[in-house]
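K.L.:
What follows is a structure written as structure tokens; I'll ask about it next.
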Amino acid sequence: MDFEFNEDQQAVLDAVKEFCEEELKPKAEETDASGEFPWENLKQLAEMELFGIPVPEDYGGLGMDFLTWAAVGMEISQACTTTGAVFGAHMLAQYPIMLFGTDEQKEKYLTPLSTGEKIGAFGLTEPGAGSDAGNVRTAAVKQDGHYVLNGSKIFITNAGPAEIYVVIGNLQPDRGARGMTAFIFEKDYEGFSIGKNEKKMAFPSLPNRELIFQDAKVPEENLLAGEKRGFRVAMQTLDVGRIGMGIGAVGVAEAAFKHAVAYSKERVQFGQPISAFQAIQLKLADMATDIECARLLCLQAAWLKDAGKPFERQAAMAKLFASEVANRVTDQAVQTLGGYGYTKEFPVERLMREAKLFEIVEGTSEIQRLVIANHVLK
Amino acid sequence: MKIVVCIKQVPATTNVRIDPETNALIREGVESQVNPFDENAIEAALQIKDAAEEECQVIALSMGPPQAEDALRDAIAMGCDDAILLTDAAFRGADTLATSYTLAQAVRKIGDVDLIFCGKQAIDGDTAQVGPGVAEHLGLPQITFAIEINLDGKKVTARRMLEDSFEVLECRMPAVITVVKQINDPRRPKMRNVLKARKREITQWTAEDIEADPDRIGFTGSPTVVWRVFAPEGRTGGRTIEGEPEELVQALADEILEIRKGLSTA
């Protein structure tokens with residue numbers, strides 16, 4: 001067993017760390033407060049060729065692995081949670097095309113996603129299909145070389161700025177998961193539009209919007225993985241998506257932890273830095289241990305995926321654990337900073353609000369526990 | 001077209017500490033990086049390459065210990081085509097005269113070089129002498145502190161950033177140009193180049209390879225002698241004076257008079 005990154009992975013990580021430290025981190029507050037999609041940051045990620053880490057070189061990628069992608073994602077998220085979230089959601093469009101796309105689809109859609117020329121989004125969730133992901137009601141009908149979709153999606157991350165959408169419709173809405181079918185939509189397809197942006201508890205610069213299909217036409221060559229295979233596409237996409245959310249959560253936790261450590265060394269009470277008090281030391285030790293476990297679970301899930309082994313269980317564990325760690329750690333970081341932690345002068349209150357996202361998105365903690373229980377009881 | 005960029009590996013911190021016992025730089029635990037101004041020099045060269053219609057080769061050149069290879073790999077990661085490390089025990093202890101002579105010898109060996117770029121200075125030594133030194137050793141025109149460069153055939157025009165003004169100079173190529181950090185924003189490396197750089201063999205040249213005169217390199221070739229390096233004494237805590245404004249003014253005035261008295265008797 002080897003817990004070291006290999007030299008290629010390390011070289012990429014070193015370059016990413018430097019970039020994150022010098023470019024993303026100093027602008028993180030501004031990126032959050034602006035309410036604007038972080039185009040500038042994403043352009044830089046694209047220039048560095050970071051959007052296609054695990055994608056084959058033939059399709060604009062680096063031909064590396066998901067482990068490197070996960071480790072890079074943690075660095076980006078730690079430096080700028082918003083940029084990290086976009087980076088993670090982007091993979092949700094790339095991965096199903098990578099896994100199920102035809103050569104033509106890969107050429108046309110995976111390549112611009114991997115070079116970062118275009119941003120991607122994945123549309124599964126509907127007003128009536130959240131945890132009940134098999135209940136997709138967006139109706140799809142085949143008609144003259146096209147599929148015509150009617151319905152809507154909600155909470156879709158990256159929607160709006162994204163130009164390529166992997167969307168799950170249903171050829172037999174009354175038959176639930178059995179009729180679900182995946183399509184690749186381009187932003188300007190007839191009848192397809194982007195609806196309102198949700199005002200959220202955190203992440204104002206991260207779009208989560210409606211997708212609206214009103215007799216929306218998608219050419220039949222944009223059918224992904226074949227008719228009625230959409231549930232499988234969705235589930236397999238979510239497996240990788242869960243690693244993505246896990247790494248985002250680790251990033252949030254790590255950022256809060258670093259603030260807490262730095263503050264504890266500077267803040268003087270009763271004549272000494274509060275880091276000298278065991279009450280604070282115990283908190284920091286628990287936070288560090290939690291983060292280390294979450295990090296290793298995420299990396300392990302990615303490693304299993306790269307090794308071609310089943311990773312669904314570990315991906316669910318990674319997502320579940322990392323998101324709960326993010327909530328525990330940010331809570332304790334705010335506590336460590338006390339009154340200052342509750343103010344907007346320090347980023348820990350923001351991180352605490354952001355952390356909550358990860359327990360909900362891409363399968364709630366409850367759903368993750370069910371996934372894990374299914375494996376345990378199998 | 002052939003461009004050489006001279007780079008230096010420096011400690012990756014501006015907070016260099018000196019061991020008060022030995023007066024030597026504390027290098028333990030300090031990572032290395034490419035001198036930031038040299039990154040601007042690389043960027044300037046790469047921008048010329050990007051804009052060039054003819055073939056253009058950018059070669060990074062550095063003198064240093066074997067581990068300076070890392071700096072050259074960073075240069076390749078940024079997009080330089082080639083890198084050469086001048087490394088030899090005989091180069092050790094070189095001052096700016098010997099260093100610039102050594103670099104100039106390497107440029108001669110490379111041959112047919114049109115432009116030589118350097119950062120305006122290194123952040124560790126801060127001399128700003130190596131670039132001009134290279135030009136002198138090669139008998140080439142030099143434009144230092146360039147903030148803007150334009151090429152026109154075999155002519156180069158550059159705007160120099162001086163303390164209170166700009167100066168525009170023109171010269172023929174080949175020429176040596178040193179750049180200030182305001183000239184550009186060095187690009188971030190593309191990951192493909194990072195991976196490529198890691199696997200690249202870095203050419204190493206010794207004193208013999210560049211036909212260097214043994215009396216002009218390293219300690220032997222360095223007339224500069226470092227007599228003493230010392231860390232300035234750290235500041236002590238200071239004193240807080242409290243009170244009403246009138247009292248404070250009085251107290252400050254007394255302090256100043258006291259100091260003045262001390263100075264005049266000293």
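Chain labels follow the order of the structure tokens: the first chain is A, the next B, and so on; residue numbering restarts at 1 in every chain, and ligands are counted from 1 in their shown order.
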DSSP on the backbone: what in stretch 85-195 of chain B comes out strand (DSSP E), as a PyMOL selection string?
P.N.:
chain B and resi 85-86+115-119+142-152+155-161+166-172+175-179
K.L.:
Dump C-alpha atoms for the selected residues as a tab-separated table (two decimals), in the first residue's frame?
P.N.:
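Saved the output as result-v5.tsv:
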chain	number	residue	atom	x	y	z
B	85	LEU	CA	22.38	24.17	-16.54
B	86	LEU	CA	25.93	25.39	-16.02
B	115	LEU	CA	18.20	38.24	-27.80
B	116	ILE	CA	19.24	37.61	-24.23
B	117	PHE	CA	16.72	38.31	-21.52
B	118	CYS	CA	17.38	38.67	-17.80
B	119	GLY	CA	15.28	39.78	-14.86
B	142	GLN	CA	22.02	46.41	-23.49
B	143	ILE	CA	18.72	47.90	-22.43
B	144	THR	CA	18.00	47.52	-18.74
B	145	PHE	CA	14.74	47.85	-16.75
B	146	ALA	CA	12.58	47.33	-19.83
B	147	ILE	CA	8.84	47.68	-19.32
B	148	GLU	CA	7.91	47.39	-23.00
B	149	ILE	CA	9.69	45.76	-25.92
B	150	ASN	CA	9.05	46.02	-29.64
B	151	LEU	CA	10.87	44.15	-32.36
B	152	ASP	CA	11.19	45.35	-35.91
B	155	LYS	CA	16.00	46.30	-34.41
B	156	VAL	CA	14.70	46.29	-30.86
B	157	THR	CA	13.03	49.24	-29.18
B	158	ALA	CA	12.43	49.20	-25.46
B	159	ARG	CA	10.90	51.55	-22.94
B	160	ARG	CA	12.93	51.69	-19.74
B	161	MET	CA	11.29	52.27	-16.41
B	166	PHE	CA	10.61	56.53	-18.92
B	167	GLU	CA	13.36	56.35	-21.48
B	168	VAL	CA	12.92	54.80	-24.91
B	169	LEU	CA	16.02	53.21	-26.41
B	170	GLU	CA	16.59	51.48	-29.68
B	171	CYS	CA	19.41	49.15	-30.60
B	172	ARG	CA	20.31	46.46	-33.05
B	175	ALA	CA	21.15	42.60	-27.56
B	176	VAL	CA	20.73	42.01	-23.85
B	177	ILE	CA	17.52	43.18	-22.23
B	178	THR	CA	16.69	43.14	-18.54
B	179	VAL	CA	13.04	43.48	-17.55
K.L.:
Which residues are near A:Glu345? Cut-off 12 Å, only C-alpha atoms, ignore same chain within fewer than 6 positions. Put them as a ChimeraX atom specification.
P.N.:
/A:29,334,337,339
K.L.:
Tell me the residues of chain B close to chain A, meaning within 10 Å using only C-alpha atoms, as a ChimeraX atom specification.
P.N.:
/B:74,77,187-199
K.L.:
Report the residues of stretch 72-195 of chain B whose backbone DSSP state falls under helix (DSSP H, G or I), written as a ChimeraX atom specification.
P.N.:
/B:72-78,89-91,96-110,130-138,181-183,191-195
K.L.:
Take the residues just selected and output them with N, CA and C atoms as a short mmCIF file (atom, residue, chain, number, x, y, z; two decimals), in the first residue's frame.
P.N.:
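As a result, out_13.cif now contains:
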data_model
loop_
_atom_site.label_atom_id
_atom_site.label_comp_id
_atom_site.auth_asym_id
_atom_site.auth_seq_id
_atom_site.Cartn_x
_atom_site.Cartn_y
_atom_site.Cartn_z
N LEU B 72 15.05 25.27 -13.89
CA LEU B 72 15.00 25.13 -15.35
C LEU B 72 13.79 24.31 -15.77
N ARG B 73 13.41 23.34 -14.94
CA ARG B 73 12.19 22.59 -15.25
C ARG B 73 10.97 23.51 -15.19
N ASP B 74 10.98 24.41 -14.22
CA ASP B 74 9.88 25.38 -14.15
C ASP B 74 9.84 26.23 -15.43
N ALA B 75 11.01 26.57 -15.94
CA ALA B 75 11.07 27.37 -17.17
C ALA B 75 10.51 26.58 -18.34
N ILE B 76 10.82 25.30 -18.40
CA ILE B 76 10.27 24.45 -19.47
C ILE B 76 8.76 24.32 -19.29
N ALA B 77 8.33 24.20 -18.03
CA ALA B 77 6.89 24.10 -17.77
C ALA B 77 6.16 25.35 -18.25
N MET B 78 6.82 26.49 -18.13
CA MET B 78 6.19 27.72 -18.62
C MET B 78 6.11 27.75 -20.14
N ALA B 89 31.91 22.37 -9.91
CA ALA B 89 32.44 22.82 -8.62
C ALA B 89 33.26 24.10 -8.82
N ALA B 90 33.86 24.23 -10.00
CA ALA B 90 34.72 25.38 -10.27
C ALA B 90 33.94 26.69 -10.37
N PHE B 91 32.61 26.60 -10.56
CA PHE B 91 31.79 27.82 -10.64
C PHE B 91 31.45 28.37 -9.26
N THR B 96 29.28 38.65 -9.23
CA THR B 96 28.53 38.99 -10.45
C THR B 96 29.43 39.04 -11.68
N LEU B 97 30.71 39.38 -11.48
CA LEU B 97 31.63 39.44 -12.62
C LEU B 97 31.86 38.04 -13.19
N ALA B 98 32.18 37.11 -12.28
CA ALA B 98 32.45 35.74 -12.72
C ALA B 98 31.18 35.08 -13.25
N THR B 99 30.04 35.37 -12.62
CA THR B 99 28.77 34.78 -13.07
C THR B 99 28.43 35.26 -14.47
N SER B 100 28.56 36.56 -14.69
CA SER B 100 28.18 37.08 -16.00
C SER B 100 29.16 36.60 -17.08
N TYR B 101 30.42 36.43 -16.71
CA TYR B 101 31.39 35.86 -17.65
C TYR B 101 30.99 34.43 -18.03
N THR B 102 30.64 33.65 -17.00
CA THR B 102 30.27 32.25 -17.22
C THR B 102 29.05 32.15 -18.13
N LEU B 103 28.02 32.96 -17.82
CA LEU B 103 26.80 32.95 -18.64
C LEU B 103 27.13 33.36 -20.08
N ALA B 104 28.00 34.37 -20.20
CA ALA B 104 28.36 34.86 -21.54
C ALA B 104 29.06 33.77 -22.35
N GLN B 105 29.92 33.01 -21.67
CA GLN B 105 30.61 31.91 -22.36
C GLN B 105 29.60 30.89 -22.89
N ALA B 106 28.56 30.63 -22.06
CA ALA B 106 27.54 29.66 -22.48
C ALA B 106 26.75 30.20 -23.67
N VAL B 107 26.45 31.49 -23.64
CA VAL B 107 25.73 32.10 -24.77
C VAL B 107 26.57 31.97 -26.04
N ARG B 108 27.87 32.17 -25.90
CA ARG B 108 28.77 31.99 -27.05
C ARG B 108 28.67 30.58 -27.60
N LYS B 109 28.68 29.61 -26.67
CA LYS B 109 28.62 28.21 -27.10
C LYS B 109 27.28 27.90 -27.78
N ILE B 110 26.20 28.45 -27.24
CA ILE B 110 24.89 28.23 -27.87
C ILE B 110 24.91 28.75 -29.30
N VAL B 130 24.26 41.30 -13.17
CA VAL B 130 24.58 40.17 -14.03
C VAL B 130 24.15 40.41 -15.48
N GLY B 131 22.93 40.94 -15.66
CA GLY B 131 22.47 41.22 -17.03
C GLY B 131 23.43 42.12 -17.77
N PRO B 132 23.70 43.32 -17.21
CA PRO B 132 24.67 44.22 -17.86
C PRO B 132 26.04 43.56 -18.04
N GLY B 133 26.44 42.74 -17.07
CA GLY B 133 27.74 42.05 -17.16
C GLY B 133 27.79 41.13 -18.37
N VAL B 134 26.72 40.39 -18.58
CA VAL B 134 26.66 39.47 -19.73
C VAL B 134 26.83 40.28 -21.02
N ALA B 135 26.13 41.41 -21.10
CA ALA B 135 26.22 42.25 -22.30
C ALA B 135 27.65 42.72 -22.53
N GLU B 136 28.31 43.15 -21.46
CA GLU B 136 29.69 43.64 -21.58
C GLU B 136 30.64 42.53 -22.03
N HIS B 137 30.50 41.37 -21.41
CA HIS B 137 31.38 40.25 -21.79
C HIS B 137 31.20 39.86 -23.24
N LEU B 138 29.99 40.03 -23.75
CA LEU B 138 29.72 39.64 -25.14
C LEU B 138 29.89 40.81 -26.11
N LYS B 181 9.26 43.96 -13.32
CA LYS B 181 8.10 43.07 -13.16
C LYS B 181 6.84 43.64 -13.80
N GLN B 182 6.80 44.97 -13.98
CA GLN B 182 5.60 45.58 -14.58
C GLN B 182 5.46 45.27 -16.06
N ILE B 183 6.45 44.63 -16.65
CA ILE B 183 6.37 44.40 -18.10
C ILE B 183 5.27 43.43 -18.49
N MET B 191 -0.48 22.18 -17.74
CA MET B 191 -0.15 20.91 -17.09
C MET B 191 0.62 19.96 -18.01
N ARG B 192 0.33 20.04 -19.33
CA ARG B 192 1.08 19.17 -20.25
C ARG B 192 2.57 19.54 -20.20
N ASN B 193 2.85 20.82 -20.11
CA ASN B 193 4.25 21.24 -20.03
C ASN B 193 4.87 20.86 -18.68
N VAL B 194 4.06 20.92 -17.62
CA VAL B 194 4.56 20.51 -16.30
C VAL B 194 4.99 19.04 -16.36
N LEU B 195 4.14 18.22 -16.97
CA LEU B 195 4.44 16.79 -17.05
C LEU B 195 5.64 16.54 -17.98
#
K.L.:
What's the separation between atom CA of B:Glu28 and atom CA of B:Gln9, in Å to one decimal place?
P.N.:
15.2 Å
K.L.:
Atom CA of A:Arg350 to atom CA of A:Ala285: how many Å, to one decimal?
P.N.:
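Answer for the atom CA of A:Arg350 to atom CA of A:Ala285 separation: 22.1 Å.
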K.L.:
Kindly indicate which residue among A:Asp239, A:Glu324, A:Asp32, A:Asp2 lies nearest to A:Glu362, using only C-alpha atoms for the distances.
P.N.:
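Closest residue, counting only C-alpha atoms: A:Asp239.
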K.L.:
Would you mind listing what lies within 9 Å of A:Arg178 as number ranges by chain, with only C-alpha atoms counted and same-chain residues fewer than 4 positions away left out?
P.N.:
A: 134, 170-173, 228-231
K.L.:
Store the residues picked out above, limited to N, CA and C atoms, as a tab-separated table (two decimals), in the first residue's frame.
P.N.:
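Saved file part-v5.tsv follows:
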chain	number	residue	atom	x	y	z
A	134	GLY	N	-35.71	8.55	-9.29
A	134	GLY	CA	-36.32	7.77	-10.36
A	134	GLY	C	-37.63	8.35	-10.85
A	170	ASN	N	-37.62	11.61	-19.71
A	170	ASN	CA	-38.28	10.32	-19.52
A	170	ASN	C	-39.18	10.00	-20.70
A	171	LEU	N	-38.89	8.87	-21.34
A	171	LEU	CA	-39.71	8.45	-22.49
A	171	LEU	C	-41.04	7.86	-22.02
A	172	GLN	N	-41.09	7.41	-20.77
A	172	GLN	CA	-42.33	6.87	-20.20
A	172	GLN	C	-42.49	7.39	-18.78
A	173	PRO	N	-42.91	8.66	-18.66
A	173	PRO	CA	-42.96	9.28	-17.32
A	173	PRO	C	-43.78	8.47	-16.32
A	228	LYS	N	-33.91	4.83	-22.65
A	228	LYS	CA	-34.29	4.21	-21.38
A	228	LYS	C	-33.10	3.73	-20.55
A	229	ARG	N	-31.94	4.32	-20.80
A	229	ARG	CA	-30.78	3.95	-19.97
A	229	ARG	C	-30.37	5.13	-19.08
A	230	GLY	N	-31.27	6.08	-18.99
A	230	GLY	CA	-30.96	7.31	-18.27
A	230	GLY	C	-30.77	7.15	-16.77
A	231	PHE	N	-31.49	6.21	-16.18
A	231	PHE	CA	-31.34	6.04	-14.73
A	231	PHE	C	-29.93	5.55	-14.41
K.L.:
Could you pull the residues within 7 Å of stretch 277-283 of chain A, counting only C-alpha atoms, minus those fewer than 3 positions along the same chain, as a ChimeraX atom specification?
P.N.:
/A:274,286-287,332,336
K.L.:
A:Pro56, A:Gly145, A:Gly169, A:Gly101: which is nearest A:Ala133, counting only C-alpha atoms?
P.N.:
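Looking only at the distances to A:Ala133, the closest residue turns out to be A:Gly169.
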K.L.:
Any idea what the distance is between atom CA of A:Gly246 and atom CA of A:Lys319?
P.N.:
4.3 Å
K.L.:
Nearest residue to B:Val34 out of B:Glu201, B:Glu244, B:Asp124, B:Asp254, using only C-alpha atoms?
P.N.:
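When distances to B:Val34 are compared using only C-alpha atoms, the smallest one comes from B:Asp124.
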K.L.:
Pick the closest to B:Glu69 from B:Ile7, B:Ile123, B:Ile259, B:Leu248: which is it, counting only C-alpha atoms?
P.N.:
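Of B:Ile7, B:Ile123, B:Ile259, B:Leu248, the one nearest B:Glu69 is B:Ile7, counting only C-alpha atoms.
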K.L.:
Report as a ChimeraX atom specification all protein, DNA and RNA residues lying within 12 Å of stretch 236-241 of chain B, evaluated on only C-alpha atoms, omitting residues in the same chain fewer than 5 positions from it.
P.N.:
/B:247-252,255
K.L.:
Output N, CA and C atoms for every residue in that selection, as a PDB file, in the first residue's frame.
P.N.:
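result-v5.pdb, freshly written:
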ATOM      1  N   GLU B 247      -0.747  66.286  28.039  1.00  0.00           N
ATOM      2  CA  GLU B 247       0.344  65.565  28.702  1.00  0.00           C
ATOM      3  C   GLU B 247       1.194  64.826  27.668  1.00  0.00           C
ATOM      4  N   LEU B 248       0.512  64.263  26.673  1.00  0.00           N
ATOM      5  CA  LEU B 248       1.232  63.492  25.650  1.00  0.00           C
ATOM      6  C   LEU B 248       2.172  64.395  24.865  1.00  0.00           C
ATOM      7  N   VAL B 249       1.677  65.583  24.498  1.00  0.00           N
ATOM      8  CA  VAL B 249       2.504  66.525  23.754  1.00  0.00           C
ATOM      9  C   VAL B 249       3.736  66.877  24.576  1.00  0.00           C
ATOM     10  N   GLN B 250       3.506  67.170  25.825  1.00  0.00           N
ATOM     11  CA  GLN B 250       4.610  67.521  26.709  1.00  0.00           C
ATOM     12  C   GLN B 250       5.618  66.374  26.800  1.00  0.00           C
ATOM     13  N   ALA B 251       5.065  65.169  26.987  1.00  0.00           N
ATOM     14  CA  ALA B 251       5.938  64.003  27.143  1.00  0.00           C
ATOM     15  C   ALA B 251       6.758  63.766  25.884  1.00  0.00           C
ATOM     16  N   LEU B 252       6.109  63.902  24.718  1.00  0.00           N
ATOM     17  CA  LEU B 252       6.826  63.692  23.454  1.00  0.00           C
ATOM     18  C   LEU B 252       7.915  64.736  23.258  1.00  0.00           C
ATOM     19  N   GLU B 255      10.797  63.935  25.346  1.00  0.00           N
ATOM     20  CA  GLU B 255      11.541  62.808  24.749  1.00  0.00           C
ATOM     21  C   GLU B 255      12.482  63.296  23.656  1.00  0.00           C
TER      22      GLU B 255
END
K.L.:
Taking a cut-off of 12 Å and counting only C-alpha atoms, can you build a table that, for each residue of stretch 262-372 of chain A near stretch 66-75 of chain A, reports the nearest atom pair and how far apart they are in Å (one decimal), sorted by chain then residue number, as a Markdown table?
P.N.:
| residue | atom | partner | partner_atom | distance |
| --- | --- | --- | --- | --- |
| A:Ile291 | CA | A:Met74 | CA | 11.4 |
| A:Ala294 | CA | A:Met74 | CA | 11.1 |
| A:Arg295 | CA | A:Met74 | CA | 8.5 |
| A:Leu296 | CA | A:Ala71 | CA | 10.2 |
| A:Leu297 | CA | A:Ala70 | CA | 11.0 |
| A:Cys298 | CA | A:Ala70 | CA | 7.4 |
| A:Leu299 | CA | A:Leu67 | CA | 6.0 |
| A:Gln300 | CA | A:Leu67 | CA | 8.1 |
| A:Ala301 | CA | A:Leu67 | CA | 8.4 |
| A:Ala302 | CA | A:Leu67 | CA | 4.9 |
| A:Trp303 | CA | A:Leu67 | CA | 5.5 |
| A:Leu304 | CA | A:Leu67 | CA | 8.9 |
| A:Lys305 | CA | A:Phe66 | CA | 7.2 |
| A:Asp306 | CA | A:Phe66 | CA | 6.2 |
| A:Ala307 | CA | A:Phe66 | CA | 9.9 |
| A:Gly308 | CA | A:Phe66 | CA | 11.1 |
| A:Phe311 | CA | A:Phe66 | CA | 12.0 |
| A:Ala315 | CA | A:Ala70 | CA | 11.7 |
| A:Ala318 | CA | A:Ala70 | CA | 11.6 |
| A:Ala322 | CA | A:Met74 | CA | 11.4 |
K.L.:
Using only C-alpha atoms, which protein or nucleic acid residues come within 7 Å of B:Asp82? Drop anything in the same chain fewer than 5 positions from it, and give the result as a PyMOL selection string.
P.N.:
chain B and resi 58-60+76
K.L.:
Which residues are close to A:Gly338, i.e. within 12 Å by only C-alpha atoms, leaving aside same-chain residues fewer than 5 positions away? Reply as a list in words.
P.N.:
Ala260, Tyr263, Ser264, Arg267, Gln269, Ile274, Ile280, Asp331, Gln332, Ala333, Thr343, Phe346, Val348 and Glu349 of chain A
